[in-house]
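Enquirer: Coordinates in upload_36.cif, mmCIF, C-alpha atoms and all ligand atoms, are listed below.
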```cif
data_model
loop_
_atom_site.label_atom_id
_atom_site.label_comp_id
_atom_site.auth_asym_id
_atom_site.auth_seq_id
_atom_site.Cartn_x
_atom_site.Cartn_y
_atom_site.Cartn_z
CA MET A 766 -4.92 -4.84 9.87
CA LEU A 767 -4.04 -6.33 6.51
CA ALA A 768 -0.81 -5.24 4.82
CA MET A 769 -1.92 -6.73 1.53
CA LYS A 770 -4.67 -8.74 -0.10
CA LEU A 771 -4.65 -10.53 -3.44
CA GLU A 772 -7.80 -11.98 -4.96
CA HIS A 773 -7.60 -14.38 -7.91
CA VAL A 774 -4.56 -12.68 -9.40
CA THR A 775 -3.26 -13.97 -12.72
CA LYS A 776 -0.34 -12.84 -14.88
CA THR A 777 0.59 -14.35 -18.22
CA PHE A 778 3.56 -13.74 -20.52
CA GLY A 779 2.50 -15.12 -23.90
CA ASP A 780 1.75 -18.79 -23.30
CA VAL A 781 3.36 -18.83 -19.83
CA GLU A 782 1.05 -18.34 -16.86
CA ALA A 783 3.63 -16.98 -14.39
CA VAL A 784 1.05 -16.33 -11.65
CA SER A 785 -2.16 -18.41 -11.63
CA ASP A 786 -5.26 -17.48 -9.64
CA VAL A 787 -3.33 -16.45 -6.53
CA SER A 788 -5.34 -15.36 -3.48
CA LEU A 789 -3.40 -14.34 -0.39
CA GLU A 790 -3.68 -12.15 2.69
CA VAL A 791 -0.74 -10.88 4.72
CA ALA A 792 -1.42 -9.21 8.08
CA ALA A 793 0.57 -6.23 9.35
CA GLY A 794 3.49 -7.34 11.50
CA GLU A 795 4.21 -10.54 9.59
CA LEU A 796 7.61 -11.50 8.26
CA PHE A 797 6.19 -13.29 5.29
CA GLY A 798 8.29 -15.65 3.19
CA LEU A 799 7.32 -16.40 -0.39
CA LEU A 800 9.07 -19.65 -1.19
CA GLY A 801 9.30 -21.48 -4.48
CA PRO A 802 11.67 -23.06 -6.97
CA ASN A 803 13.30 -20.97 -9.70
CA GLY A 804 10.73 -19.84 -12.22
CA SER A 805 7.79 -20.43 -9.88
CA GLY A 806 6.57 -16.81 -10.17
CA LYS A 807 8.02 -15.10 -7.07
CA THR A 808 9.54 -12.10 -8.82
CA THR A 809 6.46 -11.66 -11.01
CA LEU A 810 4.24 -11.67 -7.91
CA ILE A 811 6.39 -9.02 -6.22
CA LYS A 812 6.26 -6.87 -9.37
CA LEU A 813 2.47 -7.17 -9.39
CA LEU A 814 2.27 -6.23 -5.70
CA THR A 815 4.46 -3.16 -6.21
CA GLY A 816 2.69 -1.82 -9.29
CA GLN A 817 5.56 -2.61 -11.64
CA LEU A 818 3.43 -4.96 -13.76
CA PRO A 819 -0.32 -4.97 -14.38
CA PRO A 820 -2.12 -8.29 -13.76
CA ASN A 821 -4.25 -9.95 -16.44
CA GLY A 822 -6.96 -10.48 -13.87
CA GLY A 823 -7.78 -10.21 -10.18
CA ALA A 824 -7.53 -7.52 -7.50
CA ILE A 825 -4.46 -6.40 -5.53
CA SER A 826 -4.64 -4.17 -2.50
CA VAL A 827 -1.54 -2.99 -0.60
CA LEU A 828 -1.78 -0.87 2.58
CA ASP A 829 -5.50 -0.50 1.77
CA MET A 830 -4.73 0.94 -1.68
CA ASP A 831 -5.75 -0.56 -5.00
CA VAL A 832 -2.36 -1.09 -6.66
CA LEU A 833 -3.70 -0.80 -10.21
CA ARG A 834 -5.24 2.60 -9.50
CA ASN A 835 -2.45 3.99 -7.28
CA PRO A 836 0.85 2.47 -8.44
CA ILE A 837 2.84 5.64 -7.73
CA THR A 838 1.46 6.15 -4.22
CA VAL A 839 2.05 2.50 -3.43
CA ARG A 840 5.68 2.80 -4.54
CA GLU A 841 6.07 5.90 -2.36
CA LYS A 842 4.77 4.09 0.70
CA VAL A 843 6.63 0.79 0.41
CA GLY A 844 10.27 -0.21 0.17
CA ILE A 845 11.50 -2.50 -2.58
CA ILE A 846 14.73 -4.46 -2.93
CA PRO A 847 14.54 -5.76 -6.49
CA GLU A 848 16.10 -9.05 -7.51
CA GLN A 849 18.34 -7.75 -10.29
CA GLU A 850 18.91 -4.00 -10.17
CA THR A 851 22.10 -2.37 -8.95
CA PRO A 852 22.76 1.27 -8.03
CA PRO A 853 23.74 3.73 -10.81
CA SER A 854 27.37 3.31 -11.81
CA PHE A 855 28.16 7.04 -11.92
CA LEU A 856 27.28 7.92 -8.29
CA THR A 857 29.34 7.12 -5.21
CA ALA A 858 27.80 4.89 -2.54
CA GLU A 859 27.10 7.92 -0.37
CA GLU A 860 25.69 10.00 -3.23
CA TYR A 861 23.31 7.18 -4.17
CA LEU A 862 21.76 7.02 -0.70
CA GLN A 863 21.56 10.84 -0.56
CA PHE A 864 19.87 10.76 -3.97
CA VAL A 865 17.24 8.31 -2.72
CA CYS A 866 16.64 10.51 0.35
CA THR A 867 16.07 13.49 -1.96
CA ILE A 868 13.62 11.59 -4.17
CA ARG A 869 11.75 10.45 -1.07
CA LYS A 870 11.84 14.01 0.39
CA LEU A 871 13.42 12.84 3.65
CA ASP A 872 14.91 14.93 6.45
CA ARG A 873 18.04 14.07 8.51
CA VAL A 874 19.72 12.71 5.41
CA ASP A 875 23.19 12.21 6.91
CA ASP A 876 21.81 10.42 10.00
CA ARG A 877 19.69 8.11 7.89
CA CYS A 878 22.52 7.21 5.55
CA ASP A 879 25.09 6.79 8.31
CA ARG A 880 22.81 4.41 10.18
CA TRP A 881 22.93 2.05 7.19
CA PHE A 882 26.63 2.47 6.50
CA SER A 883 27.15 1.47 10.11
CA LEU A 884 24.56 -1.35 10.34
CA LEU A 885 25.89 -3.06 7.22
CA ASP A 886 29.48 -2.10 8.02
CA PHE A 887 30.52 -0.34 4.82
CA ALA A 888 31.21 3.30 5.75
CA ASP A 889 34.66 2.96 4.17
CA GLN A 890 32.94 2.56 0.78
CA LYS A 891 31.10 5.91 0.92
CA PRO A 892 33.36 7.71 -1.61
CA VAL A 893 33.62 4.78 -4.05
CA LEU A 894 31.76 4.95 -7.38
CA CYS A 895 29.06 2.28 -7.52
CA LYS A 896 30.61 0.81 -10.67
CA ASP A 897 33.73 -0.03 -8.63
CA LEU A 898 31.92 -1.62 -5.68
CA SER A 899 31.85 -5.38 -5.08
CA ARG A 900 28.58 -7.19 -5.72
CA GLY A 901 27.97 -7.59 -2.01
CA THR A 902 28.47 -3.88 -1.37
CA ARG A 903 26.11 -2.94 -4.20
CA GLN A 904 23.58 -5.29 -2.57
CA LYS A 905 24.08 -3.49 0.75
CA LEU A 906 23.17 -0.22 -0.99
CA MET A 907 20.04 -1.83 -2.40
CA VAL A 908 19.09 -2.97 1.11
CA ALA A 909 19.70 0.50 2.55
CA GLN A 910 17.75 2.37 -0.16
CA ALA A 911 14.64 0.28 0.57
CA PHE A 912 14.58 1.20 4.26
CA LEU A 913 15.75 4.85 4.36
CA HIS A 914 12.14 6.06 4.63
CA GLU A 915 11.21 3.36 7.19
CA PRO A 916 8.29 2.02 5.15
CA LEU A 917 5.31 0.27 6.74
CA LEU A 918 5.85 -2.53 4.26
CA ALA A 919 8.97 -3.71 2.44
CA PHE A 920 9.27 -6.15 -0.44
CA ILE A 921 12.54 -7.99 -0.72
CA ASP A 922 13.29 -10.27 -3.66
CA GLU A 923 16.03 -12.82 -2.80
CA PRO A 924 17.65 -10.45 -0.32
CA LEU A 925 20.61 -12.16 1.20
CA ILE A 926 22.26 -14.06 -1.60
CA ASN A 927 25.32 -11.82 -2.06
CA LEU A 928 25.82 -10.89 1.58
CA ASP A 929 28.41 -12.54 3.78
CA PRO A 930 27.27 -14.44 6.90
CA LEU A 931 28.06 -11.62 9.36
CA ILE A 932 26.06 -9.09 7.38
CA GLN A 933 23.26 -11.62 6.84
CA ARG A 934 23.04 -11.93 10.63
CA SER A 935 22.81 -8.14 11.12
CA PHE A 936 20.18 -7.85 8.42
CA LYS A 937 18.10 -10.74 9.78
CA ASP A 938 18.20 -9.18 13.26
CA PHE A 939 17.16 -5.87 11.71
CA LEU A 940 14.18 -7.54 9.98
CA LEU A 941 13.03 -9.24 13.18
CA ASP A 942 13.28 -5.95 15.04
CA TYR A 943 11.41 -4.19 12.22
CA ILE A 944 8.34 -6.44 12.42
CA GLY A 945 8.47 -6.04 16.20
CA LYS A 946 7.44 -2.44 15.52
CA GLY A 947 4.30 -3.59 13.68
CA ARG A 948 5.77 -3.22 10.20
CA THR A 949 5.57 -5.90 7.55
CA ILE A 950 8.21 -7.66 5.49
CA PHE A 951 7.38 -9.68 2.39
CA PHE A 952 10.35 -11.52 1.03
CA SER A 953 10.95 -14.16 -1.57
CA THR A 954 13.65 -16.77 -1.36
CA HIS A 955 14.55 -20.23 -2.46
CA VAL A 956 16.98 -20.49 0.46
CA LEU A 957 14.85 -22.41 2.94
CA GLU A 958 17.22 -22.12 5.91
CA ILE A 959 16.71 -18.36 5.96
CA ALA A 960 12.94 -18.74 5.81
CA GLU A 961 12.98 -21.34 8.58
CA GLU A 962 15.03 -19.04 10.76
CA ILE A 963 13.05 -15.80 10.56
CA CYS A 964 9.61 -16.11 8.91
CA THR A 965 6.39 -15.90 10.84
CA ASP A 966 4.32 -17.05 7.85
CA ILE A 967 5.03 -18.62 4.49
CA ALA A 968 3.49 -19.40 1.14
CA ILE A 969 4.92 -21.94 -1.27
CA LEU A 970 4.56 -21.08 -4.93
CA HIS A 971 4.88 -23.76 -7.61
CA ARG A 972 4.39 -23.04 -11.30
CA GLY A 973 2.44 -19.91 -10.42
CA HIS A 974 0.09 -21.64 -7.96
CA ILE A 975 0.13 -21.35 -4.19
CA VAL A 976 0.47 -24.92 -2.94
CA TYR A 977 0.71 -24.02 0.76
CA LYS A 978 0.13 -20.97 2.91
CA GLY A 979 0.10 -20.64 6.67
CA PRO A 980 2.10 -19.83 9.76
CA LEU A 981 5.56 -21.36 9.92
CA SER A 982 4.58 -22.80 13.32
CA GLU A 983 2.06 -25.07 11.51
CA VAL A 984 4.86 -26.50 9.37
CA MET A 985 6.95 -27.06 12.47
CA LYS A 986 4.02 -28.87 14.15
CA SER A 987 4.18 -31.42 11.33
CA HIS A 988 7.67 -32.26 12.69
CA MET A 989 9.09 -31.89 9.20
CA HIS A 990 12.01 -29.72 8.28
CA LEU A 991 10.89 -26.91 6.02
CA GLU A 992 12.98 -28.46 3.24
CA ASP A 993 11.10 -31.80 3.40
CA PHE A 994 7.76 -30.00 3.72
CA PHE A 995 8.62 -27.80 0.74
CA ILE A 996 9.63 -30.75 -1.46
CA ASP A 997 6.51 -32.68 -0.44
CA ARG A 998 4.20 -29.75 -1.32
CA VAL A 999 5.95 -28.98 -4.58
CA HIS A 1000 5.76 -32.64 -5.66
CA ARG A 1001 2.11 -32.92 -4.66
CA GLY A 1002 1.41 -29.68 -6.53
CA GLY A 1003 -1.92 -29.11 -4.76
CA PRO A 1004 -3.03 -26.86 -1.91
N1 LIG A 1101 9.08 -10.37 -18.74
C1 LIG A 1101 8.86 -11.67 -18.96
N2 LIG A 1101 8.59 -12.13 -20.20
C2 LIG A 1101 8.34 -13.43 -20.42
N3 LIG A 1101 8.34 -14.38 -19.46
C3 LIG A 1101 8.61 -14.00 -18.20
C4 LIG A 1101 8.88 -12.62 -17.87
N4 LIG A 1101 9.10 -12.54 -16.55
C5 LIG A 1101 8.97 -13.78 -16.06
N5 LIG A 1101 8.68 -14.67 -17.05
C6 LIG A 1101 8.43 -16.13 -16.88
O1 LIG A 1101 7.52 -16.28 -15.81
C7 LIG A 1101 7.86 -17.40 -15.00
C8 LIG A 1101 8.07 -16.94 -13.56
O2 LIG A 1101 9.26 -16.16 -13.49
P1 LIG A 1101 9.73 -15.41 -12.17
O3 LIG A 1101 8.59 -14.65 -11.63
O4 LIG A 1101 10.95 -14.66 -12.52
O5 LIG A 1101 10.06 -16.64 -11.20
P2 LIG A 1101 10.96 -16.72 -9.87
O6 LIG A 1101 11.19 -15.33 -9.39
O7 LIG A 1101 10.17 -17.56 -8.92
O8 LIG A 1101 12.23 -17.41 -10.25
C9 LIG A 1101 9.08 -18.03 -15.64
O9 LIG A 1101 8.64 -19.06 -16.49
C10 LIG A 1101 9.67 -16.87 -16.43
O10 LIG A 1101 10.42 -17.34 -17.53
MG MG A 1102 12.93 -14.34 -8.94
#
```
Represent the structure contained in this file as structure tokens.

Expert:
Amino acid sequence: MLAMKLEHVTKTFGDVEAVSDVSLEVAAGELFGLLGPNGSGKTTLIKLLTGQLPPNGGAISVLDMDVLRNPITVREKVGIIPEQETPPSFLTAEEYLQFVCTIRKLDRVDDRCDRWFSLLDFADQKPVLCKDLSRGTRQKLMVAQAFLHEPLLAFIDEPLINLDPLIQRSFKDFLLDYIGKGRTIFFSTHVLEIAEEICTDIAILHRGHIVYKGPLSEVMKSHMHLEDFFIDRVHRGGP
């Protein structure tokens, strides 16, 4: 089963073509890494896939739904960890996760929230207002909110940057376990070590174009480190 399919998707901002004629399929159960230098179009592509931006052209289907026609249903079904956003300053950490559970009409609210406070080791921060949390703790909340409803598909934009190594390890193990259950993770990063460690499949985006896509095992067969492979593809600029 396909988790998503893009056909000839293009997005422009004025004169800038942020995403250029991108076609891509991601199968259910993949831990898919979207790699690319800063400004290559990763965040724009994730916003297109999650119905946060309309494309200028092309077709996008997510969990067998046309994203342009069903942006709200798509957002209900998937989880999203955005690149920039932080939780609302005026709620405590615990209230924020409870709030997300309410919006998503979830049962067993305390169990769901406690699982994340425990997995990411920040139960002591439950009563703290989000405005007073450290950056890393706010990022933990953003991770938790995306998974409270156990979505079939989660989009994660540069997920691990503010997390310390111990928490990164727990989260990576969680992601590997998650795809083991047939769910799909689509994440963007420019940190190649993380991609090399956990991805099943990758695409390399350069100036809005996909210059490589395939299983990570294919890259490894070339006996190149992902970093050398990445630099080679980005310099070549072609598929
Ligand atoms: N809202 C916007 N308005 C104008 N230009 C944008 C906007 N969002 C992104 N861009 C431009 O699109 C390109 C891709 O950006 P982005 O998707 O954020 O890349 P990445 O996430 O890979 O760093 C960049 O040139 C960026 O400046
Ligand atoms: Mg980005």

Enquirer: Please compute the atom CA of Leu885 of chain A-atom CA of Arg840 of chain A distance, one decimal, in Å.

Expert: 24.1 Å

Enquirer: Do you have, as CSV, the list of residues of chain A lying at most 10 Å from ligand MG 1102 (chain A), each with its nearest atom pair and that distance in Å to one decimal, counting only C-alpha atoms and all ligand atoms and ordered by chain then number?

Expert:
```
residue,atom,partner,partner_atom,distance
A:Gly801,CA,A:MG1102,MG,9.2
A:Pro802,CA,A:MG1102,MG,9.0
A:Asn803,CA,A:MG1102,MG,6.7
A:Gly804,CA,A:MG1102,MG,6.8
A:Ser805,CA,A:MG1102,MG,8.0
A:Gly806,CA,A:MG1102,MG,6.9
A:Lys807,CA,A:MG1102,MG,5.3
A:Thr808,CA,A:MG1102,MG,4.1
A:Thr809,CA,A:MG1102,MG,7.3
A:Leu810,CA,A:MG1102,MG,9.1
A:Ile811,CA,A:MG1102,MG,8.9
A:Pro847,CA,A:MG1102,MG,9.1
A:Glu848,CA,A:MG1102,MG,6.3
A:Gln849,CA,A:MG1102,MG,8.6
A:Asp922,CA,A:MG1102,MG,6.7
A:Glu923,CA,A:MG1102,MG,7.0
A:Ser953,CA,A:MG1102,MG,7.6
A:Thr954,CA,A:MG1102,MG,8.0
A:His955,CA,A:MG1102,MG,8.9
```

Enquirer: Build an axis-aligned box that encloses every atom of ligand LIG 1101 (chain A) listed in the file, pad it by 5 Å on each side, and report its centre and edge lengths in Å to one decimal, as JSON.

Expert:
```
{"center_x": 9.9, "center_y": -14.7, "center_z": -14.7, "size_x": 14.7, "size_y": 18.7, "size_z": 21.5}
```

Enquirer: Atom CA of Leu796 of chain A and atom CA of Cys964 of chain A are how many Å apart?

Expert: 5.1 Å

Enquirer: So that I can see what lies close to Asp886 of chain A, please list as a PyMOL selection string the residues with an atom at most 12 Å from it, counting all atoms listed in the file and leaving out residues fewer than 6 positions away in the same chain.

Expert: chain A and resi 878-880+901-902+905-906+909+928-929+931-933+935-936

Enquirer: Given the selection you just returned, output its residues as a file containing C-alpha atoms, formatted as a PDB file, in the frame of the given file.

Expert:
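Once written, out23.pdb looks like this:
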```
ATOM      1  CA  CYS A 878      22.520   7.210   5.550  1.00  0.00           C
ATOM      2  CA  ASP A 879      25.090   6.790   8.310  1.00  0.00           C
ATOM      3  CA  ARG A 880      22.810   4.410  10.180  1.00  0.00           C
ATOM      4  CA  GLY A 901      27.970  -7.590  -2.010  1.00  0.00           C
ATOM      5  CA  THR A 902      28.470  -3.880  -1.370  1.00  0.00           C
ATOM      6  CA  LYS A 905      24.080  -3.490   0.750  1.00  0.00           C
ATOM      7  CA  LEU A 906      23.170  -0.220  -0.990  1.00  0.00           C
ATOM      8  CA  ALA A 909      19.700   0.500   2.550  1.00  0.00           C
ATOM      9  CA  LEU A 928      25.820 -10.890   1.580  1.00  0.00           C
ATOM     10  CA  ASP A 929      28.410 -12.540   3.780  1.00  0.00           C
ATOM     11  CA  LEU A 931      28.060 -11.620   9.360  1.00  0.00           C
ATOM     12  CA  ILE A 932      26.060  -9.090   7.380  1.00  0.00           C
ATOM     13  CA  GLN A 933      23.260 -11.620   6.840  1.00  0.00           C
ATOM     14  CA  SER A 935      22.810  -8.140  11.120  1.00  0.00           C
ATOM     15  CA  PHE A 936      20.180  -7.850   8.420  1.00  0.00           C
TER      16      PHE A 936
END
```

Enquirer: Mind giving me the straight-line distance from atom CA of Gly945 of chain A to atom CA of Pro930 of chain A in Å, one decimal?

Expert: 22.6 Å

Enquirer: Hey, what's within 12 Å of segment 820-836 of chain A if we count only C-alpha atoms and toss same-chain stuff fewer than 4 positions away? As a ChimeraX atom specification, please?

Expert: /A:766-779,782-793,809-816,840-843,916-920,948-949,951

Enquirer: Please identify all polymer residues within 9 Å of segment 887-896 of chain A, counting only C-alpha atoms, omitting same-chain residues fewer than 4 positions from it, and present them as a list in words.

Expert: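 Near segment 887-896 of chain A, the qualifying residues are Thr851, Pro852, Pro853, Ser854, Phe855, Leu856, Thr857, Ala858, Glu859, Glu860, Tyr861, Asp879, Trp881, Phe882, Ser883, Thr902, Arg903 and Lys905 of chain A.
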
Enquirer: Assuming the input is short of atoms at segment 790-822 of chain A, produce N, CA and C atoms for that part as a PDB file, in the frame of the given file.

Expert:
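Saved to selection.pdb:
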```
ATOM      1  N   GLU A 790      -3.597 -13.300   1.786  1.00  0.00           N
ATOM      2  CA  GLU A 790      -3.680 -12.150   2.690  1.00  0.00           C
ATOM      3  C   GLU A 790      -2.448 -12.161   3.592  1.00  0.00           C
ATOM      4  N   VAL A 791      -1.859 -11.000   3.794  1.00  0.00           N
ATOM      5  CA  VAL A 791      -0.740 -10.880   4.720  1.00  0.00           C
ATOM      6  C   VAL A 791      -1.104  -9.805   5.739  1.00  0.00           C
ATOM      7  N   ALA A 792      -1.048 -10.162   7.020  1.00  0.00           N
ATOM      8  CA  ALA A 792      -1.420  -9.210   8.080  1.00  0.00           C
ATOM      9  C   ALA A 792      -0.216  -8.332   8.425  1.00  0.00           C
ATOM     10  N   ALA A 793      -0.505  -7.123   8.896  1.00  0.00           N
ATOM     11  CA  ALA A 793       0.570  -6.230   9.350  1.00  0.00           C
ATOM     12  C   ALA A 793       1.339  -6.927  10.473  1.00  0.00           C
ATOM     13  N   GLY A 794       2.654  -6.750  10.448  1.00  0.00           N
ATOM     14  CA  GLY A 794       3.490  -7.340  11.500  1.00  0.00           C
ATOM     15  C   GLY A 794       4.041  -8.710  11.153  1.00  0.00           C
ATOM     16  N   GLU A 795       3.672  -9.233   9.974  1.00  0.00           N
ATOM     17  CA  GLU A 795       4.210 -10.540   9.590  1.00  0.00           C
ATOM     18  C   GLU A 795       5.570 -10.378   8.900  1.00  0.00           C
ATOM     19  N   LEU A 796       6.404 -11.380   9.077  1.00  0.00           N
ATOM     20  CA  LEU A 796       7.610 -11.500   8.260  1.00  0.00           C
ATOM     21  C   LEU A 796       7.298 -12.680   7.338  1.00  0.00           C
ATOM     22  N   PHE A 797       6.816 -12.307   6.170  1.00  0.00           N
ATOM     23  CA  PHE A 797       6.190 -13.290   5.290  1.00  0.00           C
ATOM     24  C   PHE A 797       7.193 -13.775   4.243  1.00  0.00           C
ATOM     25  N   GLY A 798       7.353 -15.067   4.154  1.00  0.00           N
ATOM     26  CA  GLY A 798       8.290 -15.650   3.190  1.00  0.00           C
ATOM     27  C   GLY A 798       7.557 -16.283   2.019  1.00  0.00           C
ATOM     28  N   LEU A 799       7.875 -15.805   0.829  1.00  0.00           N
ATOM     29  CA  LEU A 799       7.320 -16.400  -0.390  1.00  0.00           C
ATOM     30  C   LEU A 799       8.376 -17.356  -0.936  1.00  0.00           C
ATOM     31  N   LEU A 800       8.085 -18.638  -0.824  1.00  0.00           N
ATOM     32  CA  LEU A 800       9.070 -19.650  -1.190  1.00  0.00           C
ATOM     33  C   LEU A 800       8.652 -20.327  -2.480  1.00  0.00           C
ATOM     34  N   GLY A 801       9.636 -20.754  -3.253  1.00  0.00           N
ATOM     35  CA  GLY A 801       9.300 -21.480  -4.480  1.00  0.00           C
ATOM     36  C   GLY A 801      10.538 -21.713  -5.299  1.00  0.00           C
ATOM     37  N   PRO A 802      10.522 -22.771  -6.113  1.00  0.00           N
ATOM     38  CA  PRO A 802      11.670 -23.060  -6.970  1.00  0.00           C
ATOM     39  C   PRO A 802      11.905 -21.933  -7.975  1.00  0.00           C
ATOM     40  N   ASN A 803      13.038 -21.942  -8.638  1.00  0.00           N
ATOM     41  CA  ASN A 803      13.300 -20.970  -9.700  1.00  0.00           C
ATOM     42  C   ASN A 803      12.190 -21.040 -10.741  1.00  0.00           C
ATOM     43  N   GLY A 804      11.751 -19.880 -11.178  1.00  0.00           N
ATOM     44  CA  GLY A 804      10.730 -19.840 -12.220  1.00  0.00           C
ATOM     45  C   GLY A 804       9.317 -20.076 -11.722  1.00  0.00           C
ATOM     46  N   SER A 805       9.128 -20.116 -10.391  1.00  0.00           N
ATOM     47  CA  SER A 805       7.790 -20.430  -9.880  1.00  0.00           C
ATOM     48  C   SER A 805       6.876 -19.198  -9.861  1.00  0.00           C
ATOM     49  N   GLY A 806       7.426 -17.999 -10.085  1.00  0.00           N
ATOM     50  CA  GLY A 806       6.570 -16.810 -10.170  1.00  0.00           C
ATOM     51  C   GLY A 806       6.775 -15.797  -9.053  1.00  0.00           C
ATOM     52  N   LYS A 807       7.814 -15.980  -8.233  1.00  0.00           N
ATOM     53  CA  LYS A 807       8.020 -15.100  -7.070  1.00  0.00           C
ATOM     54  C   LYS A 807       8.261 -13.652  -7.481  1.00  0.00           C
ATOM     55  N   THR A 808       9.211 -13.472  -8.398  1.00  0.00           N
ATOM     56  CA  THR A 808       9.540 -12.100  -8.820  1.00  0.00           C
ATOM     57  C   THR A 808       8.343 -11.449  -9.509  1.00  0.00           C
ATOM     58  N   THR A 809       7.649 -12.201 -10.339  1.00  0.00           N
ATOM     59  CA  THR A 809       6.460 -11.660 -11.010  1.00  0.00           C
ATOM     60  C   THR A 809       5.428 -11.212  -9.972  1.00  0.00           C
ATOM     61  N   LEU A 810       5.223 -12.029  -8.940  1.00  0.00           N
ATOM     62  CA  LEU A 810       4.240 -11.670  -7.910  1.00  0.00           C
ATOM     63  C   LEU A 810       4.647 -10.388  -7.197  1.00  0.00           C
ATOM     64  N   ILE A 811       5.925 -10.242  -6.892  1.00  0.00           N
ATOM     65  CA  ILE A 811       6.390  -9.020  -6.220  1.00  0.00           C
ATOM     66  C   ILE A 811       6.214  -7.810  -7.142  1.00  0.00           C
ATOM     67  N   LYS A 812       6.458  -7.987  -8.441  1.00  0.00           N
ATOM     68  CA  LYS A 812       6.260  -6.870  -9.370  1.00  0.00           C
ATOM     69  C   LYS A 812       4.790  -6.482  -9.462  1.00  0.00           C
ATOM     70  N   LEU A 813       3.911  -7.468  -9.375  1.00  0.00           N
ATOM     71  CA  LEU A 813       2.470  -7.170  -9.390  1.00  0.00           C
ATOM     72  C   LEU A 813       2.076  -6.396  -8.125  1.00  0.00           C
ATOM     73  N   LEU A 814       2.625  -6.850  -6.988  1.00  0.00           N
ATOM     74  CA  LEU A 814       2.270  -6.230  -5.700  1.00  0.00           C
ATOM     75  C   LEU A 814       2.790  -4.803  -5.586  1.00  0.00           C
ATOM     76  N   THR A 815       3.854  -4.487  -6.319  1.00  0.00           N
ATOM     77  CA  THR A 815       4.460  -3.160  -6.210  1.00  0.00           C
ATOM     78  C   THR A 815       4.143  -2.275  -7.414  1.00  0.00           C
ATOM     79  N   GLY A 816       3.152  -2.667  -8.187  1.00  0.00           N
ATOM     80  CA  GLY A 816       2.690  -1.820  -9.290  1.00  0.00           C
ATOM     81  C   GLY A 816       3.663  -1.715 -10.438  1.00  0.00           C
ATOM     82  N   GLN A 817       4.596  -2.652 -10.534  1.00  0.00           N
ATOM     83  CA  GLN A 817       5.560  -2.610 -11.640  1.00  0.00           C
ATOM     84  C   GLN A 817       5.069  -3.367 -12.860  1.00  0.00           C
ATOM     85  N   LEU A 818       4.044  -4.201 -12.665  1.00  0.00           N
ATOM     86  CA  LEU A 818       3.430  -4.960 -13.760  1.00  0.00           C
ATOM     87  C   LEU A 818       1.927  -4.968 -13.529  1.00  0.00           C
ATOM     88  N   PRO A 819       1.123  -4.824 -14.570  1.00  0.00           N
ATOM     89  CA  PRO A 819      -0.320  -4.970 -14.380  1.00  0.00           C
ATOM     90  C   PRO A 819      -0.723  -6.457 -14.464  1.00  0.00           C
ATOM     91  N   PRO A 820      -1.670  -6.902 -13.643  1.00  0.00           N
ATOM     92  CA  PRO A 820      -2.120  -8.290 -13.760  1.00  0.00           C
ATOM     93  C   PRO A 820      -3.051  -8.459 -14.966  1.00  0.00           C
ATOM     94  N   ASN A 821      -3.226  -9.695 -15.414  1.00  0.00           N
ATOM     95  CA  ASN A 821      -4.250  -9.950 -16.440  1.00  0.00           C
ATOM     96  C   ASN A 821      -5.633 -10.042 -15.824  1.00  0.00           C
ATOM     97  N   GLY A 822      -5.661 -10.408 -14.542  1.00  0.00           N
ATOM     98  CA  GLY A 822      -6.960 -10.480 -13.870  1.00  0.00           C
ATOM     99  C   GLY A 822      -6.762 -10.512 -12.372  1.00  0.00           C
TER     100      GLY A 822
END
```
